[in-house]
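So the structure is just underneath, and the comments pick up after that.
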Amino acid sequence: MTDTTAAPHAATAQPTDRAAQDTTPSREIRWGIVGTGRIARRFAQGLAFVPRARLAALWSRRVGPAQAFADEFGGTVYDSFDTLLASGIDALYIATLQDSHADYAIAALQAGLHVLCEKPACINRAQLERVLETARASQRLFMEAMKPPFYPLYGRLREHLAADPIGDIGLVRAGCSVPGVPADHPSLSFEHAGGALLDIGIYEMFLAVDWLGAPRDVQTFGRLGATGVDTFASLNSQHERGGIAQLFCGLDLHGKGDALLMAKGGHVTLHEPWWNPSRATIRYADGRVVELDEPFEGGGLNYETAHFCALIRAGALESPLMPHDMSRQMIAMADAARTALGLKFAGE
Ligand SMILES: NC(=O)c1ccc[n+]([C@@H]2O[C@H](COP(=O)([O-])OP(=O)(O)OC[C@H]3O[C@@H](n4cnc5c(N)ncnc54)[C@H](OP(=O)(O)O)[C@@H]3O)[C@@H](O)[C@H]2O)c1
């Protein structure tokens, strides 16, 4: 069964402190999923690689895909979002399109669940503040599912640079542009708050904020396409520690590439696809070259999921690797870029 009329605002499940605040180190985390599309599949595949976690419940607007998903990955299909919230799960993974992330997150947090929300967590800063305020008031964990920092390669790079530094990163250069997306794909949908900035650029904004700190100034050139969303954007941003980022994201040119982190003592190449990072090359100014190679398992989303489960067990309300302020800073960059391009979504 499925309920196509159930709106997230209608959630009536009451906050419950039972399992959600159980900090037993060994306890199993029971997951629910809303939205059973492409990324939800990858999440469910990854969950099999996360110890003491299982898919318990799911809901999607159409019963056919939801049931097929449950047949493949397990879990009980619920007939409405409200019944999913009240099903006894500990955490909700939000895998719908971004125009609905904030509503589902707020309803789930108010129902006493911890929330791992796909990127972009929200479509603008104002929405994100409402979600974060609800997380604070509900005393529940909220994290944007920004995957790169949880991959083994990324952690190893951090460790290596701490032990054998190249100095403060002064420039982050990153870009990705993927043409040929079908006209009816959500990435090109105005209604669903698509566009290159929120679809692809948000990863680059993460990289900039992670290595350079909060943005202070964002300058943007770009264009909107036939559906009204941005199909190409080039950003130059200055950050709190003085570093600069050069980023591009697009849906109308072909251009995937490595990411570059530059410092006085050397530079790092994060090899494509750096948003699922497994290889990096560090070139020191003294001529040394260090290659890092860290394959990943489970499709990659399993690392952020395992981190999230560990945070629940520890009673944490925020991730140290993907804290709320980073989500704020990333979406602030996207807001600034969209303002420059004259792109406003419904209700903005
Ligand atoms: N982390 C990553 O690597 C990664 C990669 C790709 C995408 N993403 C993000 O993940 C999200 C989903 O992308 P996707 O590629 O999985 O999209 P998708 O394949 O189109 O799947 C979206 C799913 O969400 C459902 N849905 C959409 N809007 C909904 C709403 N308002 N209420 C309830 N269900 C709704 C759809 O159900 P219906 O069938 O009923 O429409 C579908 O099951 C996006 O925010 C995207 O940016 C992340």
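Each chain in the structure tokens gets a letter, A, B, ..., in the order shown, and its residues are numbered from 1; ligands are numbered from 1 in order too.
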- Task: List all protein, DNA and RNA residues that have at least one atom no more than 6 Å from any atom of ligand 1, counting only C-alpha atoms and all ligand atoms, and write them as a ChimeraX atom specification.
- Result: /A:35-40,60-62,95-98,100,118-120,199
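With only C-alpha atoms as the atoms that count, the residue of A:Gly195, A:Pro179, A:Gly155, A:Pro295 with the shortest distance to His254 of chain A is A:Pro179.
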Enumerate, as a short mmCIF file (atom, residue, chain, number, x, y, z; two decimals) with all heavy atoms, in the first residue's frame, the complete set of residues in segment 104-336 of chain A that a backbone-based DSSP assignment places in strand (DSSP E).
data_model
loop_
_atom_site.label_atom_id
_atom_site.label_comp_id
_atom_site.auth_asym_id
_atom_site.auth_seq_id
_atom_site.Cartn_x
_atom_site.Cartn_y
_atom_site.Cartn_z
N HIS A 114 16.76 10.48 14.43
CA HIS A 114 17.98 11.08 13.92
C HIS A 114 17.89 11.09 12.39
O HIS A 114 17.33 10.17 11.79
CB HIS A 114 19.20 10.26 14.37
CG HIS A 114 19.25 10.10 15.86
ND1 HIS A 114 19.51 11.15 16.71
CD2 HIS A 114 19.07 9.00 16.65
CE1 HIS A 114 19.50 10.71 17.96
NE2 HIS A 114 19.23 9.41 17.95
N VAL A 115 18.49 12.12 11.77
CA VAL A 115 18.29 12.30 10.33
C VAL A 115 19.61 12.45 9.59
O VAL A 115 20.43 13.32 9.91
CB VAL A 115 17.41 13.55 10.05
CG1 VAL A 115 17.37 13.86 8.56
CG2 VAL A 115 15.98 13.32 10.58
N LEU A 116 19.81 11.56 8.61
CA LEU A 116 20.90 11.68 7.64
C LEU A 116 20.23 12.09 6.33
O LEU A 116 19.41 11.34 5.79
CB LEU A 116 21.61 10.33 7.48
CG LEU A 116 22.72 10.27 6.44
CD1 LEU A 116 23.88 11.18 6.81
CD2 LEU A 116 23.23 8.81 6.30
N CYS A 117 20.57 13.28 5.85
CA CYS A 117 19.83 13.85 4.71
C CYS A 117 20.74 14.01 3.50
O CYS A 117 21.82 14.60 3.62
CB CYS A 117 19.27 15.22 5.11
SG CYS A 117 18.29 15.98 3.82
N GLU A 118 20.28 13.53 2.36
CA GLU A 118 21.08 13.65 1.15
C GLU A 118 21.43 15.11 0.85
O GLU A 118 20.77 16.03 1.30
CB GLU A 118 20.36 13.02 -0.05
CG GLU A 118 20.89 11.67 -0.47
CD GLU A 118 22.42 11.60 -0.54
OE1 GLU A 118 23.06 12.60 -0.90
OE2 GLU A 118 22.99 10.55 -0.23
N PHE A 142 21.55 15.48 13.35
CA PHE A 142 21.27 15.78 11.94
C PHE A 142 22.60 15.93 11.21
O PHE A 142 23.51 16.61 11.69
CB PHE A 142 20.47 17.09 11.80
CG PHE A 142 20.25 17.48 10.35
CD1 PHE A 142 19.18 16.95 9.64
CD2 PHE A 142 21.14 18.32 9.69
CE1 PHE A 142 18.99 17.26 8.30
CE2 PHE A 142 20.95 18.64 8.35
CZ PHE A 142 19.87 18.11 7.65
N MET A 143 22.71 15.29 10.05
CA MET A 143 23.92 15.43 9.24
C MET A 143 23.57 15.41 7.77
O MET A 143 22.75 14.61 7.33
CB MET A 143 24.91 14.29 9.54
CG MET A 143 26.27 14.48 8.89
SD MET A 143 27.42 13.13 9.27
CE MET A 143 27.21 12.09 7.83
N GLU A 144 24.18 16.32 7.02
CA GLU A 144 24.07 16.29 5.56
C GLU A 144 24.95 15.17 5.04
O GLU A 144 26.11 15.03 5.45
CB GLU A 144 24.54 17.65 4.99
CG GLU A 144 24.43 17.75 3.49
CD GLU A 144 24.61 19.19 2.99
OE1 GLU A 144 24.91 20.08 3.82
OE2 GLU A 144 24.46 19.41 1.78
N ALA A 145 24.41 14.37 4.12
CA ALA A 145 25.14 13.20 3.61
C ALA A 145 26.14 13.65 2.54
O ALA A 145 25.96 13.38 1.36
CB ALA A 145 24.16 12.17 3.07
N LEU A 171 44.83 27.60 -2.23
CA LEU A 171 43.93 27.55 -3.38
C LEU A 171 43.31 26.17 -3.51
O LEU A 171 44.01 25.16 -3.41
CB LEU A 171 44.66 27.88 -4.69
CG LEU A 171 43.69 27.95 -5.88
CD1 LEU A 171 43.64 29.34 -6.48
CD2 LEU A 171 44.03 26.94 -6.95
N VAL A 172 42.00 26.15 -3.69
CA VAL A 172 41.27 24.91 -4.00
C VAL A 172 40.69 25.08 -5.40
O VAL A 172 39.98 26.06 -5.66
CB VAL A 172 40.13 24.64 -2.99
CG1 VAL A 172 39.24 23.48 -3.47
CG2 VAL A 172 40.68 24.34 -1.61
N ARG A 173 41.03 24.17 -6.29
CA ARG A 173 40.45 24.21 -7.64
C ARG A 173 39.72 22.90 -7.89
O ARG A 173 40.30 21.83 -7.71
CB ARG A 173 41.56 24.40 -8.67
CG ARG A 173 41.05 24.86 -10.02
CD ARG A 173 42.18 25.10 -10.99
NE ARG A 173 42.74 23.83 -11.42
CZ ARG A 173 43.92 23.69 -12.03
NH1 ARG A 173 44.70 24.73 -12.23
NH2 ARG A 173 44.33 22.51 -12.43
N ALA A 174 38.47 22.99 -8.27
CA ALA A 174 37.68 21.77 -8.50
C ALA A 174 36.55 22.07 -9.46
O ALA A 174 36.04 23.19 -9.49
CB ALA A 174 37.10 21.26 -7.18
N GLY A 175 36.21 21.07 -10.24
CA GLY A 175 35.09 21.28 -11.16
C GLY A 175 34.59 19.97 -11.72
O GLY A 175 35.30 18.96 -11.75
N CYS A 176 33.36 20.01 -12.15
CA CYS A 176 32.76 18.85 -12.80
C CYS A 176 31.57 19.34 -13.62
O CYS A 176 30.76 20.13 -13.13
CB CYS A 176 32.29 17.84 -11.75
SG CYS A 176 31.50 16.38 -12.47
N SER A 177 31.52 18.92 -14.85
CA SER A 177 30.38 19.30 -15.70
C SER A 177 29.99 18.07 -16.52
O SER A 177 30.84 17.44 -17.15
CB SER A 177 30.77 20.47 -16.62
OG SER A 177 29.68 20.82 -17.44
N PRO A 215 33.21 30.91 3.61
CA PRO A 215 33.35 31.86 2.50
C PRO A 215 33.13 33.29 2.98
O PRO A 215 32.30 33.54 3.84
CB PRO A 215 32.22 31.43 1.55
CG PRO A 215 31.19 30.83 2.44
CD PRO A 215 31.93 30.17 3.56
N ARG A 216 33.91 34.20 2.43
CA ARG A 216 33.73 35.62 2.75
C ARG A 216 33.18 36.39 1.56
O ARG A 216 32.52 37.38 1.71
CB ARG A 216 35.07 36.22 3.19
CG ARG A 216 35.54 35.70 4.51
CD ARG A 216 34.73 36.33 5.66
NE ARG A 216 35.13 35.82 6.96
CZ ARG A 216 34.42 34.94 7.65
NH1 ARG A 216 33.29 34.47 7.19
NH2 ARG A 216 34.86 34.51 8.82
N ASP A 217 33.53 35.95 0.35
CA ASP A 217 33.08 36.64 -0.87
C ASP A 217 32.97 35.60 -1.98
O ASP A 217 33.89 34.79 -2.15
CB ASP A 217 34.09 37.73 -1.23
CG ASP A 217 33.58 38.62 -2.35
OD1 ASP A 217 32.36 38.64 -2.59
OD2 ASP A 217 34.41 39.30 -2.99
N VAL A 218 31.87 35.61 -2.70
CA VAL A 218 31.67 34.65 -3.79
C VAL A 218 31.30 35.42 -5.05
O VAL A 218 30.34 36.18 -5.05
CB VAL A 218 30.53 33.65 -3.46
CG1 VAL A 218 30.34 32.65 -4.60
CG2 VAL A 218 30.81 32.92 -2.15
N GLN A 219 32.10 35.25 -6.10
CA GLN A 219 31.80 35.89 -7.38
C GLN A 219 31.47 34.80 -8.40
O GLN A 219 32.19 33.80 -8.48
CB GLN A 219 32.98 36.72 -7.85
CG GLN A 219 33.31 37.84 -6.88
CD GLN A 219 34.49 38.66 -7.29
OE1 GLN A 219 35.21 38.31 -8.22
NE2 GLN A 219 34.71 39.76 -6.60
N THR A 220 30.42 35.02 -9.16
CA THR A 220 29.90 33.94 -10.02
C THR A 220 29.57 34.43 -11.41
O THR A 220 28.96 35.49 -11.57
CB THR A 220 28.60 33.35 -9.41
OG1 THR A 220 28.85 33.02 -8.04
CG2 THR A 220 28.15 32.11 -10.16
N PHE A 221 29.99 33.67 -12.40
CA PHE A 221 29.48 33.81 -13.77
C PHE A 221 28.78 32.51 -14.12
O PHE A 221 29.16 31.45 -13.63
CB PHE A 221 30.61 34.05 -14.76
CG PHE A 221 31.27 35.40 -14.61
CD1 PHE A 221 32.46 35.52 -13.91
CD2 PHE A 221 30.69 36.53 -15.15
CE1 PHE A 221 33.07 36.76 -13.76
CE2 PHE A 221 31.29 37.77 -15.01
CZ PHE A 221 32.49 37.89 -14.31
N GLY A 222 27.79 32.59 -14.99
CA GLY A 222 27.13 31.36 -15.38
C GLY A 222 25.93 31.63 -16.25
O GLY A 222 25.73 32.75 -16.73
N ARG A 223 25.14 30.60 -16.45
CA ARG A 223 23.96 30.75 -17.31
C ARG A 223 22.86 29.80 -16.85
O ARG A 223 23.12 28.77 -16.21
CB ARG A 223 24.33 30.46 -18.76
CG ARG A 223 25.02 29.14 -18.98
CD ARG A 223 25.46 28.93 -20.43
NE ARG A 223 26.36 27.79 -20.53
CZ ARG A 223 27.70 27.87 -20.55
NH1 ARG A 223 28.30 29.03 -20.48
NH2 ARG A 223 28.44 26.78 -20.63
N LEU A 224 21.64 30.18 -17.21
CA LEU A 224 20.48 29.33 -16.97
C LEU A 224 20.11 28.67 -18.29
O LEU A 224 20.32 29.24 -19.36
CB LEU A 224 19.30 30.16 -16.44
CG LEU A 224 19.58 31.07 -15.23
CD1 LEU A 224 18.29 31.74 -14.76
CD2 LEU A 224 20.21 30.28 -14.08
N ASP A 230 20.23 26.60 -13.44
CA ASP A 230 21.58 26.89 -13.91
C ASP A 230 22.18 25.66 -14.58
O ASP A 230 22.14 24.55 -14.04
CB ASP A 230 22.47 27.34 -12.74
CG ASP A 230 22.49 26.33 -11.61
OD1 ASP A 230 21.40 26.04 -11.05
OD2 ASP A 230 23.57 25.80 -11.30
N THR A 231 22.73 25.86 -15.77
CA THR A 231 23.37 24.76 -16.49
C THR A 231 24.88 24.91 -16.51
O THR A 231 25.59 23.99 -16.91
CB THR A 231 22.85 24.66 -17.93
OG1 THR A 231 22.97 25.93 -18.55
CG2 THR A 231 21.41 24.19 -17.96
N PHE A 232 25.38 26.07 -16.10
CA PHE A 232 26.83 26.20 -15.93
C PHE A 232 27.10 27.37 -14.99
O PHE A 232 26.47 28.42 -15.10
CB PHE A 232 27.57 26.44 -17.25
CG PHE A 232 29.03 26.14 -17.11
CD1 PHE A 232 29.52 24.85 -17.33
CD2 PHE A 232 29.93 27.12 -16.71
CE1 PHE A 232 30.86 24.55 -17.14
CE2 PHE A 232 31.28 26.84 -16.53
CZ PHE A 232 31.75 25.54 -16.75
N ALA A 233 28.05 27.15 -14.08
CA ALA A 233 28.46 28.23 -13.19
C ALA A 233 29.94 28.11 -12.90
O ALA A 233 30.47 27.01 -12.74
CB ALA A 233 27.67 28.17 -11.87
N SER A 234 30.60 29.26 -12.87
CA SER A 234 32.01 29.34 -12.52
C SER A 234 32.12 30.28 -11.33
O SER A 234 31.64 31.42 -11.39
CB SER A 234 32.80 29.87 -13.72
OG SER A 234 34.11 30.18 -13.34
N LEU A 235 32.71 29.78 -10.24
CA LEU A 235 32.76 30.56 -9.01
C LEU A 235 34.20 30.85 -8.62
O LEU A 235 35.07 29.96 -8.73
CB LEU A 235 32.15 29.77 -7.84
CG LEU A 235 30.64 29.67 -7.69
CD1 LEU A 235 29.99 28.92 -8.84
CD2 LEU A 235 30.30 28.98 -6.38
N ASN A 236 34.45 32.06 -8.17
CA ASN A 236 35.69 32.40 -7.49
C ASN A 236 35.30 32.85 -6.09
O ASN A 236 34.48 33.76 -5.96
CB ASN A 236 36.41 33.56 -8.19
CG ASN A 236 37.46 33.08 -9.16
OD1 ASN A 236 37.57 31.88 -9.43
ND2 ASN A 236 38.21 34.00 -9.70
N SER A 237 35.87 32.23 -5.09
CA SER A 237 35.49 32.64 -3.73
C SER A 237 36.72 32.85 -2.88
O SER A 237 37.75 32.19 -3.04
CB SER A 237 34.57 31.59 -3.09
OG SER A 237 35.14 30.31 -3.17
N GLN A 238 36.58 33.81 -1.95
CA GLN A 238 37.65 34.10 -0.98
C GLN A 238 37.14 33.60 0.36
O GLN A 238 35.96 33.77 0.68
CB GLN A 238 37.86 35.62 -0.94
CG GLN A 238 38.90 36.06 0.06
CD GLN A 238 40.15 36.60 -0.63
OE1 GLN A 238 40.03 37.19 -1.69
NE2 GLN A 238 41.29 36.39 -0.04
N HIS A 239 38.05 33.00 1.16
CA HIS A 239 37.60 32.37 2.40
C HIS A 239 38.27 32.99 3.62
O HIS A 239 39.21 33.77 3.50
CB HIS A 239 37.84 30.86 2.30
CG HIS A 239 36.93 30.23 1.28
ND1 HIS A 239 35.83 29.48 1.60
CD2 HIS A 239 36.95 30.31 -0.09
CE1 HIS A 239 35.21 29.11 0.49
NE2 HIS A 239 35.88 29.58 -0.55
N ILE A 244 41.68 31.02 -1.60
CA ILE A 244 40.78 31.26 -2.73
C ILE A 244 40.35 29.92 -3.32
O ILE A 244 41.15 28.98 -3.37
CB ILE A 244 41.52 32.10 -3.80
CG1 ILE A 244 41.73 33.54 -3.28
CG2 ILE A 244 40.78 32.11 -5.13
CD1 ILE A 244 42.66 34.38 -4.14
N ALA A 245 39.10 29.86 -3.76
CA ALA A 245 38.62 28.66 -4.47
C ALA A 245 38.21 29.04 -5.89
O ALA A 245 37.61 30.10 -6.10
CB ALA A 245 37.45 28.03 -3.73
N GLN A 246 38.55 28.18 -6.83
CA GLN A 246 38.09 28.30 -8.23
C GLN A 246 37.30 27.05 -8.53
O GLN A 246 37.86 25.95 -8.55
CB GLN A 246 39.28 28.36 -9.18
CG GLN A 246 40.19 29.55 -8.99
CD GLN A 246 41.38 29.49 -9.94
OE1 GLN A 246 41.79 28.42 -10.38
NE2 GLN A 246 41.93 30.64 -10.27
N LEU A 247 36.01 27.21 -8.73
CA LEU A 247 35.12 26.06 -8.89
C LEU A 247 34.28 26.22 -10.15
O LEU A 247 33.95 27.34 -10.54
CB LEU A 247 34.15 25.97 -7.69
CG LEU A 247 34.75 26.14 -6.28
CD1 LEU A 247 33.64 26.17 -5.23
CD2 LEU A 247 35.75 25.02 -5.98
N PHE A 248 33.96 25.08 -10.78
CA PHE A 248 32.94 25.15 -11.84
C PHE A 248 32.05 23.93 -11.75
O PHE A 248 32.47 22.86 -11.27
CB PHE A 248 33.57 25.29 -13.24
CG PHE A 248 34.25 24.05 -13.76
CD1 PHE A 248 33.50 23.02 -14.34
CD2 PHE A 248 35.63 23.91 -13.70
CE1 PHE A 248 34.12 21.88 -14.83
CE2 PHE A 248 36.25 22.76 -14.18
CZ PHE A 248 35.51 21.75 -14.76
N CYS A 249 30.82 24.10 -12.18
CA CYS A 249 29.88 22.97 -12.22
C CYS A 249 28.95 23.19 -13.39
O CYS A 249 28.60 24.33 -13.71
CB CYS A 249 29.10 22.86 -10.92
SG CYS A 249 28.26 24.37 -10.42
N GLY A 250 28.60 22.13 -14.08
CA GLY A 250 27.78 22.33 -15.25
C GLY A 250 27.00 21.10 -15.67
O GLY A 250 27.28 19.97 -15.26
N GLY A 255 33.23 18.12 -18.90
CA GLY A 255 34.48 18.46 -18.21
C GLY A 255 34.54 17.93 -16.79
O GLY A 255 34.15 18.60 -15.85
N LYS A 256 35.01 16.70 -16.67
CA LYS A 256 35.28 16.18 -15.34
C LYS A 256 36.76 16.29 -15.11
O LYS A 256 37.54 16.13 -16.05
CB LYS A 256 34.88 14.72 -15.23
CG LYS A 256 33.39 14.48 -15.22
CD LYS A 256 33.12 13.03 -14.93
CE LYS A 256 31.64 12.78 -14.82
NZ LYS A 256 31.34 11.39 -14.48
N ALA A 259 40.81 17.39 -8.64
CA ALA A 259 40.77 18.58 -7.78
C ALA A 259 42.20 18.87 -7.31
O ALA A 259 43.03 17.96 -7.19
CB ALA A 259 39.85 18.35 -6.59
N LEU A 260 42.46 20.13 -7.06
CA LEU A 260 43.81 20.57 -6.70
C LEU A 260 43.75 21.36 -5.41
O LEU A 260 42.90 22.25 -5.26
CB LEU A 260 44.33 21.46 -7.83
CG LEU A 260 45.78 21.93 -7.77
CD1 LEU A 260 46.74 20.76 -7.95
CD2 LEU A 260 46.01 22.97 -8.87
N LEU A 261 44.68 21.02 -4.47
CA LEU A 261 44.82 21.79 -3.23
C LEU A 261 46.24 22.32 -3.22
O LEU A 261 47.19 21.53 -3.20
CB LEU A 261 44.60 20.89 -2.00
CG LEU A 261 43.38 19.96 -1.99
CD1 LEU A 261 43.41 19.06 -0.76
CD2 LEU A 261 42.09 20.77 -2.01
N MET A 262 46.41 23.64 -3.24
CA MET A 262 47.76 24.22 -3.36
C MET A 262 48.18 24.92 -2.07
O MET A 262 47.39 25.63 -1.46
CB MET A 262 47.80 25.24 -4.51
CG MET A 262 47.76 24.59 -5.88
SD MET A 262 47.43 25.80 -7.20
CE MET A 262 48.75 26.95 -6.97
N ALA A 263 49.46 24.71 -1.71
CA ALA A 263 50.02 25.38 -0.53
C ALA A 263 51.45 25.81 -0.87
O ALA A 263 51.97 25.46 -1.94
CB ALA A 263 50.00 24.44 0.66
N GLY A 266 53.83 22.70 -1.33
CA GLY A 266 53.49 21.63 -2.26
C GLY A 266 52.03 21.68 -2.65
O GLY A 266 51.31 22.62 -2.29
N HIS A 267 51.62 20.67 -3.41
CA HIS A 267 50.20 20.61 -3.77
C HIS A 267 49.70 19.17 -3.82
O HIS A 267 50.49 18.23 -3.97
CB HIS A 267 49.93 21.34 -5.09
CG HIS A 267 50.52 20.69 -6.29
ND1 HIS A 267 51.75 21.02 -6.81
CD2 HIS A 267 50.05 19.70 -7.09
CE1 HIS A 267 52.01 20.28 -7.87
NE2 HIS A 267 50.99 19.47 -8.07
N VAL A 268 48.41 19.04 -3.68
CA VAL A 268 47.75 17.73 -3.69
C VAL A 268 46.83 17.66 -4.89
O VAL A 268 46.05 18.57 -5.14
CB VAL A 268 46.89 17.53 -2.42
CG1 VAL A 268 46.18 16.17 -2.46
CG2 VAL A 268 47.71 17.67 -1.16
N THR A 269 46.94 16.56 -5.64
CA THR A 269 45.95 16.27 -6.67
C THR A 269 45.03 15.18 -6.13
O THR A 269 45.50 14.08 -5.80
CB THR A 269 46.63 15.78 -7.96
OG1 THR A 269 47.58 16.76 -8.38
CG2 THR A 269 45.61 15.56 -9.07
N LEU A 270 43.77 15.52 -6.00
CA LEU A 270 42.75 14.51 -5.64
C LEU A 270 42.19 14.01 -6.96
O LEU A 270 41.52 14.76 -7.69
CB LEU A 270 41.63 15.17 -4.84
CG LEU A 270 41.74 15.24 -3.33
CD1 LEU A 270 40.64 16.14 -2.78
CD2 LEU A 270 41.65 13.87 -2.70
N ARG A 279 42.23 8.04 -4.79
CA ARG A 279 43.65 8.24 -5.09
C ARG A 279 44.02 9.72 -4.97
O ARG A 279 43.26 10.58 -5.40
CB ARG A 279 43.98 7.78 -6.52
CG ARG A 279 44.07 6.27 -6.68
CD ARG A 279 44.69 5.89 -8.01
NE ARG A 279 44.15 6.63 -9.11
CZ ARG A 279 44.87 7.44 -9.90
NH1 ARG A 279 46.17 7.60 -9.70
NH2 ARG A 279 44.29 8.07 -10.90
N ALA A 280 45.20 9.97 -4.39
CA ALA A 280 45.71 11.34 -4.32
C ALA A 280 47.21 11.32 -4.53
O ALA A 280 47.89 10.34 -4.19
CB ALA A 280 45.38 11.97 -2.96
N THR A 281 47.73 12.38 -5.13
CA THR A 281 49.17 12.54 -5.30
C THR A 281 49.59 13.82 -4.59
O THR A 281 49.00 14.88 -4.83
CB THR A 281 49.55 12.65 -6.80
OG1 THR A 281 49.04 11.50 -7.48
CG2 THR A 281 51.06 12.73 -6.98
N ILE A 282 50.59 13.69 -3.72
CA ILE A 282 51.12 14.87 -3.04
C ILE A 282 52.50 15.17 -3.63
O ILE A 282 53.38 14.30 -3.62
CB ILE A 282 51.28 14.63 -1.51
CG1 ILE A 282 49.96 14.09 -0.94
CG2 ILE A 282 51.71 15.92 -0.81
CD1 ILE A 282 50.10 13.57 0.49
N ARG A 283 52.66 16.36 -4.17
CA ARG A 283 53.95 16.79 -4.73
C ARG A 283 54.51 17.88 -3.81
O ARG A 283 53.93 18.96 -3.70
CB ARG A 283 53.79 17.33 -6.15
CG ARG A 283 53.40 16.24 -7.13
CD ARG A 283 53.20 16.77 -8.54
NE ARG A 283 52.57 15.75 -9.36
CZ ARG A 283 53.22 14.73 -9.93
NH1 ARG A 283 54.52 14.63 -9.80
NH2 ARG A 283 52.56 13.83 -10.63
N TYR A 284 55.62 17.55 -3.14
CA TYR A 284 56.24 18.51 -2.23
C TYR A 284 57.14 19.47 -3.02
O TYR A 284 57.71 19.10 -4.07
CB TYR A 284 57.05 17.77 -1.16
CG TYR A 284 56.15 17.10 -0.14
CD1 TYR A 284 55.69 15.80 -0.34
CD2 TYR A 284 55.74 17.78 1.00
CE1 TYR A 284 54.85 15.20 0.58
CE2 TYR A 284 54.89 17.18 1.93
CZ TYR A 284 54.46 15.90 1.71
OH TYR A 284 53.60 15.29 2.62
N VAL A 289 57.47 13.02 -4.14
CA VAL A 289 56.12 12.72 -4.62
C VAL A 289 55.58 11.55 -3.81
O VAL A 289 56.25 10.51 -3.70
CB VAL A 289 56.11 12.36 -6.13
CG1 VAL A 289 54.70 12.01 -6.58
CG2 VAL A 289 56.67 13.51 -6.96
N VAL A 290 54.41 11.72 -3.23
CA VAL A 290 53.79 10.65 -2.45
C VAL A 290 52.45 10.30 -3.07
O VAL A 290 51.62 11.19 -3.30
CB VAL A 290 53.58 11.11 -0.97
CG1 VAL A 290 52.82 10.05 -0.19
CG2 VAL A 290 54.91 11.44 -0.32
N GLU A 291 52.30 9.03 -3.38
CA GLU A 291 51.03 8.57 -3.95
C GLU A 291 50.21 7.87 -2.87
O GLU A 291 50.72 6.98 -2.18
CB GLU A 291 51.28 7.55 -5.08
CG GLU A 291 52.14 8.05 -6.22
CD GLU A 291 51.38 8.92 -7.22
OE1 GLU A 291 50.16 9.12 -7.01
OE2 GLU A 291 52.03 9.40 -8.17
N LEU A 292 48.98 8.27 -2.72
CA LEU A 292 48.07 7.60 -1.78
C LEU A 292 47.01 6.85 -2.60
O LEU A 292 46.44 7.42 -3.53
CB LEU A 292 47.38 8.61 -0.86
CG LEU A 292 48.28 9.51 -0.02
CD1 LEU A 292 47.42 10.44 0.85
CD2 LEU A 292 49.23 8.70 0.86
N ASP A 293 46.78 5.63 -2.23
CA ASP A 293 45.83 4.79 -2.97
C ASP A 293 45.02 4.01 -1.94
O ASP A 293 45.55 3.14 -1.26
CB ASP A 293 46.63 3.83 -3.87
CG ASP A 293 45.72 3.14 -4.89
OD1 ASP A 293 44.49 3.25 -4.75
OD2 ASP A 293 46.27 2.50 -5.81
#
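Between Gly170 of chain A and the residues A:Tyr203, A:Tyr303, A:Phe150, A:Trp211, the shortest atom-to-atom distance, using only C-alpha atoms, involves A:Trp211.
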What are the closest atom pairs, with distances in Å to one decimal, for all residues of segment 124-196 of chain A lying within 12 Å of segment 309-325 of chain A? Consider only C-alpha atoms, order rows by chain and residue number, and present the result as a Markdown table.
| residue | atom | partner | partner_atom | distance |
| --- | --- | --- | --- | --- |
| A:Arg125 | CA | A:Asp325 | CA | 10.9 |
| A:Leu128 | CA | A:His324 | CA | 9.2 |
| A:Glu129 | CA | A:His324 | CA | 9.5 |
| A:Val131 | CA | A:His324 | CA | 10.3 |
| A:Leu132 | CA | A:His324 | CA | 7.5 |
| A:Glu133 | CA | A:His324 | CA | 10.7 |
| A:Thr134 | CA | A:Leu317 | CA | 11.8 |
| A:Ala135 | CA | A:Leu317 | CA | 8.0 |
| A:Arg136 | CA | A:Leu317 | CA | 8.1 |
| A:Ala137 | CA | A:Leu317 | CA | 11.0 |
| A:Ser138 | CA | A:Leu317 | CA | 9.9 |
| A:Gln139 | CA | A:Leu317 | CA | 6.8 |
| A:Arg140 | CA | A:Leu317 | CA | 5.6 |
| A:Leu141 | CA | A:Leu317 | CA | 4.0 |
| A:Phe142 | CA | A:Glu318 | CA | 6.3 |
| A:Met143 | CA | A:Ser319 | CA | 6.7 |
| A:Glu144 | CA | A:Met322 | CA | 7.1 |
| A:Ala145 | CA | A:Met322 | CA | 8.3 |
| A:Met146 | CA | A:Met322 | CA | 7.3 |
| A:Lys147 | CA | A:Met322 | CA | 9.2 |
| A:Pro148 | CA | A:Met322 | CA | 10.0 |
| A:Pro149 | CA | A:Leu321 | CA | 6.9 |
| A:Phe150 | CA | A:Leu321 | CA | 7.9 |
| A:Tyr151 | CA | A:Leu321 | CA | 11.4 |
| A:Tyr154 | CA | A:Leu321 | CA | 11.0 |
| A:Gly155 | CA | A:Leu321 | CA | 10.1 |
| A:Arg158 | CA | A:Leu321 | CA | 11.5 |
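Note that atom CA of Ala70 of chain A and atom CA of Glu191 of chain A are 28.1 Å apart.
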_Write out as a PyMOL selection string the set of residues from segment 101-260 of chain A that DSSP, computed on the backbone, places in helix (DSSP H, G or I)._
chain A and resi 101-110+125-138+148-150+152-163+186-188+196-212
query = To one decimal place, how far is atom CA of Leu212 of chain A from atom CA of Met326 of chain A in Å?
reply =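 Atom-to-atom, atom CA of Leu212 of chain A and atom CA of Met326 of chain A are spaced 11.2 Å apart.
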- request: Name the residues in contact with Ala48 of chain A at a cut-off of 10 Å, using only C-alpha atoms, excluding same-chain residues fewer than 6 positions from it; report them as a list in words.
  value: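 Result of the neighbour search: Arg54, Leu55, Phe73, Gly298 and Asn302 of chain A.
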**Study point:** Distance of atom CA of Ile123 of chain A from atom CA of Leu198 of chain A, expressed in Å to one decimal place
**Key:**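 Calculated distance between atom CA of Leu198 of chain A and atom CA of Ile123 of chain A is 7.4 Å.
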